Amino acid sequence: MTVRLFGKKREVEILRAMSRNMRLPHGIIFTGENGIGKSVLALYCAQLMMCGSPKNGEPCGECRDCRRIAQGQHPDVIFARGEKYTKDGIRETVRDSFFKPNDGGLKIYVFTRCEEMTDEYQNLLLKIIEEPPESCRYIFTSEDPSAVLETVMSRLVHIPVEPMSVKDCADCLEFNGMERGEAEQAASRYGANPGRALAAAGDAKLQRLADIADGIAKALAHKDEYEALVLLTSVADRREMFETAELLYDAVCRALTESGGDESACALRAGLSRPALYELSEVLTEYISQKKLNVSVKISQCSLCSELFSAVERHLKTTERKTI
Ligand SMILES: [Zn+2]
């Protein structure tokens with residue numbers, strides 16, 4: 001069994017070309033938004049590095065190594081992250097690199113979410129990345145390439161991971177057990193990000209906030225300020241307010257980029273002009289940037305609502321102006 005990927009055609013093509021030429025590097029870093037499958041891609045890459053009989057630059061999926069990696073049971077594929085990176089944990093990884101693999105082949109270390117690794121910890125890893133023991137390979141993933149030190153980055157092959165399409169995301173969600181209709185809706189609602197969609201499916205609070213954000217989007221599209229205020233004031237605290245604003249911002253972006261076929265993006269696109277959508281995105285960006293300020297919830301609910309509707313009113317469609 002080969003590790004199942006959704007989308008990732010360009011990334012797999014790069015790996016395939018390197019594998020065919022017997023030039024898979026000692027260190028690779030995949031960068032891109034969290035939740036789009038970088039860790040799964042790292043697992044696929046581990047299969048390709050470890051496979052005893054790759055075919056045409058792809059892992060065979062049948063050998064013992066391939067099967068154990070697909071089942072997440074290979075003793076020499078080590079996810080080094082643990083709960084959080086610690087100095088002792090990193091030192092242990094460095095020390096462990098110099099021991100032979102359990103099965104005599106390769107040892108592959110996978111470091112996910114490297115944006116959470118401090119410069120000091122990255123420096124601790126530098127030596128083994130500069131001069132890797134013959135039997136070791138290192139795979140990194142990071143949401144933010146600029147969070148990785150230049151000295152580390154320069155020793156790795158950097159493969160940016162492209163955003164997923166809504167269809168690939170829905171396929172991935174269906175593969176993970178969602179009904180097709182639910183998968184398609186979640187893929188649109190959570191910006192074609194299966195990680196976020198799956199996390200939200202198990203999170204009743206996030207579902208509730210997503211419903212509120214959907215309701216506000218529709219209220220904006222129908223110019224129903226009262227309904228929007230009722231929904232906003234049903235949000236319990238500051239943190240939830242920011243989460244709701246972020247969900248609403250995503251919906252506005254989907255409406256603007258015309259990539260979202262979900263209800264709220266369609267309603268916004270149908271009900272509001274593009275300049276209005278741009279201004280809404282600016283109002284929401286400004287609001288979200290105040291995350292660290294200690295603003296009263298009630299005041300921020302009322303002022304956000306009034307700013308959103310002022311933005312909508314400034315850009316009423318021509319036909320709407322005539323009727324006023
Ligand atoms: Zn194999």
# chains A, B, ... in the order shown; residues from 1 in each chain; ligands from 1
>>> residues_near_ligand(ligand="ligand 1", cutoff="10 Å", atoms="only C-alpha atoms and all ligand atoms", output="PDB file with N, CA and C atoms, in the first residue's frame")
ATOM      1  N   MET A   1       0.838  -1.194   0.000  1.00  0.00           N
ATOM      2  CA  MET A   1       0.000   0.000   0.000  1.00  0.00           C
ATOM      3  C   MET A   1       0.886   1.263   0.000  1.00  0.00           C
ATOM      4  N   THR A   2       0.603   2.147  -0.957  1.00  0.00           N
ATOM      5  CA  THR A   2       1.336   3.417  -0.986  1.00  0.00           C
ATOM      6  C   THR A   2       0.556   4.431  -0.144  1.00  0.00           C
ATOM      7  N   GLN A  47       8.538   6.663   2.426  1.00  0.00           N
ATOM      8  CA  GLN A  47       8.328   5.402   1.710  1.00  0.00           C
ATOM      9  C   GLN A  47       9.251   5.333   0.488  1.00  0.00           C
ATOM     10  N   LEU A  48       9.306   6.445  -0.224  1.00  0.00           N
ATOM     11  CA  LEU A  48      10.119   6.483  -1.442  1.00  0.00           C
ATOM     12  C   LEU A  48      11.604   6.300  -1.102  1.00  0.00           C
ATOM     13  N   MET A  49      12.040   6.926  -0.001  1.00  0.00           N
ATOM     14  CA  MET A  49      13.449   6.811   0.393  1.00  0.00           C
ATOM     15  C   MET A  49      13.780   5.391   0.838  1.00  0.00           C
ATOM     16  N   MET A  50      12.821   4.765   1.485  1.00  0.00           N
ATOM     17  CA  MET A  50      13.076   3.474   2.138  1.00  0.00           C
ATOM     18  C   MET A  50      12.803   2.282   1.215  1.00  0.00           C
ATOM     19  N   CYS A  51      11.934   2.451   0.221  1.00  0.00           N
ATOM     20  CA  CYS A  51      11.453   1.322  -0.591  1.00  0.00           C
ATOM     21  C   CYS A  51      12.598   0.573  -1.267  1.00  0.00           C
ATOM     22  N   GLY A  52      12.549  -0.749  -1.156  1.00  0.00           N
ATOM     23  CA  GLY A  52      13.594  -1.594  -1.740  1.00  0.00           C
ATOM     24  C   GLY A  52      13.469  -1.712  -3.252  1.00  0.00           C
ATOM     25  N   SER A  53      12.277  -1.569  -3.794  1.00  0.00           N
ATOM     26  CA  SER A  53      12.141  -1.711  -5.252  1.00  0.00           C
ATOM     27  C   SER A  53      11.174  -0.681  -5.833  1.00  0.00           C
ATOM     28  N   PRO A  54      11.603   0.600  -5.804  1.00  0.00           N
ATOM     29  CA  PRO A  54      10.730   1.635  -6.374  1.00  0.00           C
ATOM     30  C   PRO A  54      10.517   1.412  -7.877  1.00  0.00           C
ATOM     31  N   LYS A  55       9.307   1.736  -8.332  1.00  0.00           N
ATOM     32  CA  LYS A  55       9.006   1.558  -9.752  1.00  0.00           C
ATOM     33  C   LYS A  55       8.786   2.922 -10.390  1.00  0.00           C
ATOM     34  N   GLU A  58       8.473   5.773  -8.049  1.00  0.00           N
ATOM     35  CA  GLU A  58       7.430   5.749  -7.015  1.00  0.00           C
ATOM     36  C   GLU A  58       7.642   4.545  -6.106  1.00  0.00           C
ATOM     37  N   PRO A  59       7.251   4.685  -4.833  1.00  0.00           N
ATOM     38  CA  PRO A  59       7.409   3.528  -3.940  1.00  0.00           C
ATOM     39  C   PRO A  59       6.529   2.362  -4.409  1.00  0.00           C
ATOM     40  N   CYS A  60       7.021   1.112  -4.215  1.00  0.00           N
ATOM     41  CA  CYS A  60       6.269  -0.044  -4.744  1.00  0.00           C
ATOM     42  C   CYS A  60       4.972  -0.266  -3.974  1.00  0.00           C
ATOM     43  N   GLY A  61       4.957   0.112  -2.701  1.00  0.00           N
ATOM     44  CA  GLY A  61       3.737  -0.064  -1.906  1.00  0.00           C
ATOM     45  C   GLY A  61       3.559  -1.488  -1.388  1.00  0.00           C
ATOM     46  N   GLU A  62       4.443  -2.399  -1.800  1.00  0.00           N
ATOM     47  CA  GLU A  62       4.232  -3.805  -1.437  1.00  0.00           C
ATOM     48  C   GLU A  62       5.319  -4.389  -0.540  1.00  0.00           C
ATOM     49  N   CYS A  63       6.526  -3.826  -0.599  1.00  0.00           N
ATOM     50  CA  CYS A  63       7.611  -4.413   0.192  1.00  0.00           C
ATOM     51  C   CYS A  63       7.333  -4.185   1.686  1.00  0.00           C
ATOM     52  N   ARG A  64       8.127  -4.869   2.512  1.00  0.00           N
ATOM     53  CA  ARG A  64       7.895  -4.797   3.956  1.00  0.00           C
ATOM     54  C   ARG A  64       7.994  -3.345   4.459  1.00  0.00           C
ATOM     55  N   ASP A  65       9.026  -2.614   3.967  1.00  0.00           N
ATOM     56  CA  ASP A  65       9.209  -1.226   4.411  1.00  0.00           C
ATOM     57  C   ASP A  65       7.997  -0.372   4.029  1.00  0.00           C
ATOM     58  N   CYS A  66       7.567  -0.492   2.759  1.00  0.00           N
ATOM     59  CA  CYS A  66       6.415   0.310   2.302  1.00  0.00           C
ATOM     60  C   CYS A  66       5.186   0.019   3.154  1.00  0.00           C
ATOM     61  N   ARG A  67       4.938  -1.262   3.400  1.00  0.00           N
ATOM     62  CA  ARG A  67       3.726  -1.629   4.148  1.00  0.00           C
ATOM     63  C   ARG A  67       3.785  -1.101   5.572  1.00  0.00           C
ATOM     64  N   ARG A  68       4.957  -1.250   6.199  1.00  0.00           N
ATOM     65  CA  ARG A  68       5.041  -0.790   7.592  1.00  0.00           C
ATOM     66  C   ARG A  68       4.938   0.733   7.714  1.00  0.00           C
ATOM     67  N   ILE A  69       5.482   1.444   6.722  1.00  0.00           N
ATOM     68  CA  ILE A  69       5.366   2.920   6.769  1.00  0.00           C
ATOM     69  C   ILE A  69       3.895   3.321   6.588  1.00  0.00           C
TER      70      ILE A  69
END
>>> residues_around(residues="Asp237 in chain A", least_positions_apart="6", cutoff="12 Å", atoms="only C-alpha atoms", output="MDAnalysis selection string")
chainID A and resid 209 243:244 294:301
>>> write_last_selection(atoms="C-alpha atoms", output="mmCIF file, in the first residue's frame")
data_model
loop_
_atom_site.group_PDB
_atom_site.id
_atom_site.type_symbol
_atom_site.label_atom_id
_atom_site.label_comp_id
_atom_site.auth_asym_id
_atom_site.auth_seq_id
_atom_site.Cartn_x
_atom_site.Cartn_y
_atom_site.Cartn_z
ATOM 1 C CA LEU A 209 -18.946 29.580 15.425
ATOM 2 C CA GLU A 243 -12.434 33.028 15.701
ATOM 3 C CA THR A 244 -15.799 34.078 14.259
ATOM 4 C CA ASN A 294 -8.005 43.995 25.634
ATOM 5 C CA VAL A 295 -11.256 45.326 24.222
ATOM 6 C CA SER A 296 -14.648 44.860 25.861
ATOM 7 C CA VAL A 297 -16.602 42.111 24.085
ATOM 8 C CA LYS A 298 -19.916 43.954 23.963
ATOM 9 C CA ILE A 299 -18.346 47.139 22.586
ATOM 10 C CA SER A 300 -16.368 45.245 19.978
ATOM 11 C CA GLN A 301 -19.461 43.313 18.882
#
>>> closest_residue(among="A:Ala197, A:Ala210, A:Thr257, A:Phe309", to="Ala228 in chain A", atoms="only C-alpha atoms")
A:Phe309
>>> select_by_dssp(residues="range 78-311 of chain A", states="helix (DSSP H, G or I)", output="ChimeraX atom specification")
/A:87-97,114-116,119-130,145-147,150-153,166-175,180-189,194-201,204-221,225-233,238-257,263-271,274-288,297-311
>>> closest_atom_pairs(of="range 55-170 of chain A", to="range 175-184 of chain A", cutoff="9 Å", atoms="only C-alpha atoms", output="CSV")
residue,atom,partner,partner_atom,distance
A:Val166,CA,A:Glu184,CA,7.5
A:Lys167,CA,A:Glu184,CA,7.4
A:Cys169,CA,A:Glu184,CA,8.0
A:Ala170,CA,A:Ala183,CA,4.9
>>> write_last_selection(atoms="N, CA and C atoms", output="PDB file, in the first residue's frame")
ATOM      1  N   VAL A 166     -10.649  22.500  -3.929  1.00  0.00           N
ATOM      2  CA  VAL A 166     -11.792  22.101  -3.105  1.00  0.00           C
ATOM      3  C   VAL A 166     -12.136  20.625  -3.367  1.00  0.00           C
ATOM      4  N   LYS A 167     -12.017  20.197  -4.624  1.00  0.00           N
ATOM      5  CA  LYS A 167     -12.359  18.809  -4.949  1.00  0.00           C
ATOM      6  C   LYS A 167     -11.384  17.832  -4.277  1.00  0.00           C
ATOM      7  N   CYS A 169      -9.661  18.340  -1.650  1.00  0.00           N
ATOM      8  CA  CYS A 169      -9.917  18.388  -0.207  1.00  0.00           C
ATOM      9  C   CYS A 169     -11.147  17.550   0.142  1.00  0.00           C
ATOM     10  N   ALA A 170     -12.218  17.684  -0.670  1.00  0.00           N
ATOM     11  CA  ALA A 170     -13.437  16.900  -0.412  1.00  0.00           C
ATOM     12  C   ALA A 170     -13.144  15.402  -0.546  1.00  0.00           C
TER      13      ALA A 170
END
>>> residues_around(residues="range 128-138 of chain A", least_positions_apart="2", cutoff="12 Å", atoms="only C-alpha atoms", output="count of residues only")
56
>>> closest_residue(among="A:Met18, A:Ile36, A:Leu293, A:Leu149", to="Tyr190 in chain A", atoms="only C-alpha atoms")
A:Ile36
>>> atom_distance(atom1="CA of Leu284 in chain A", atom2="CA of Ala192 in chain A")
20.5 Å
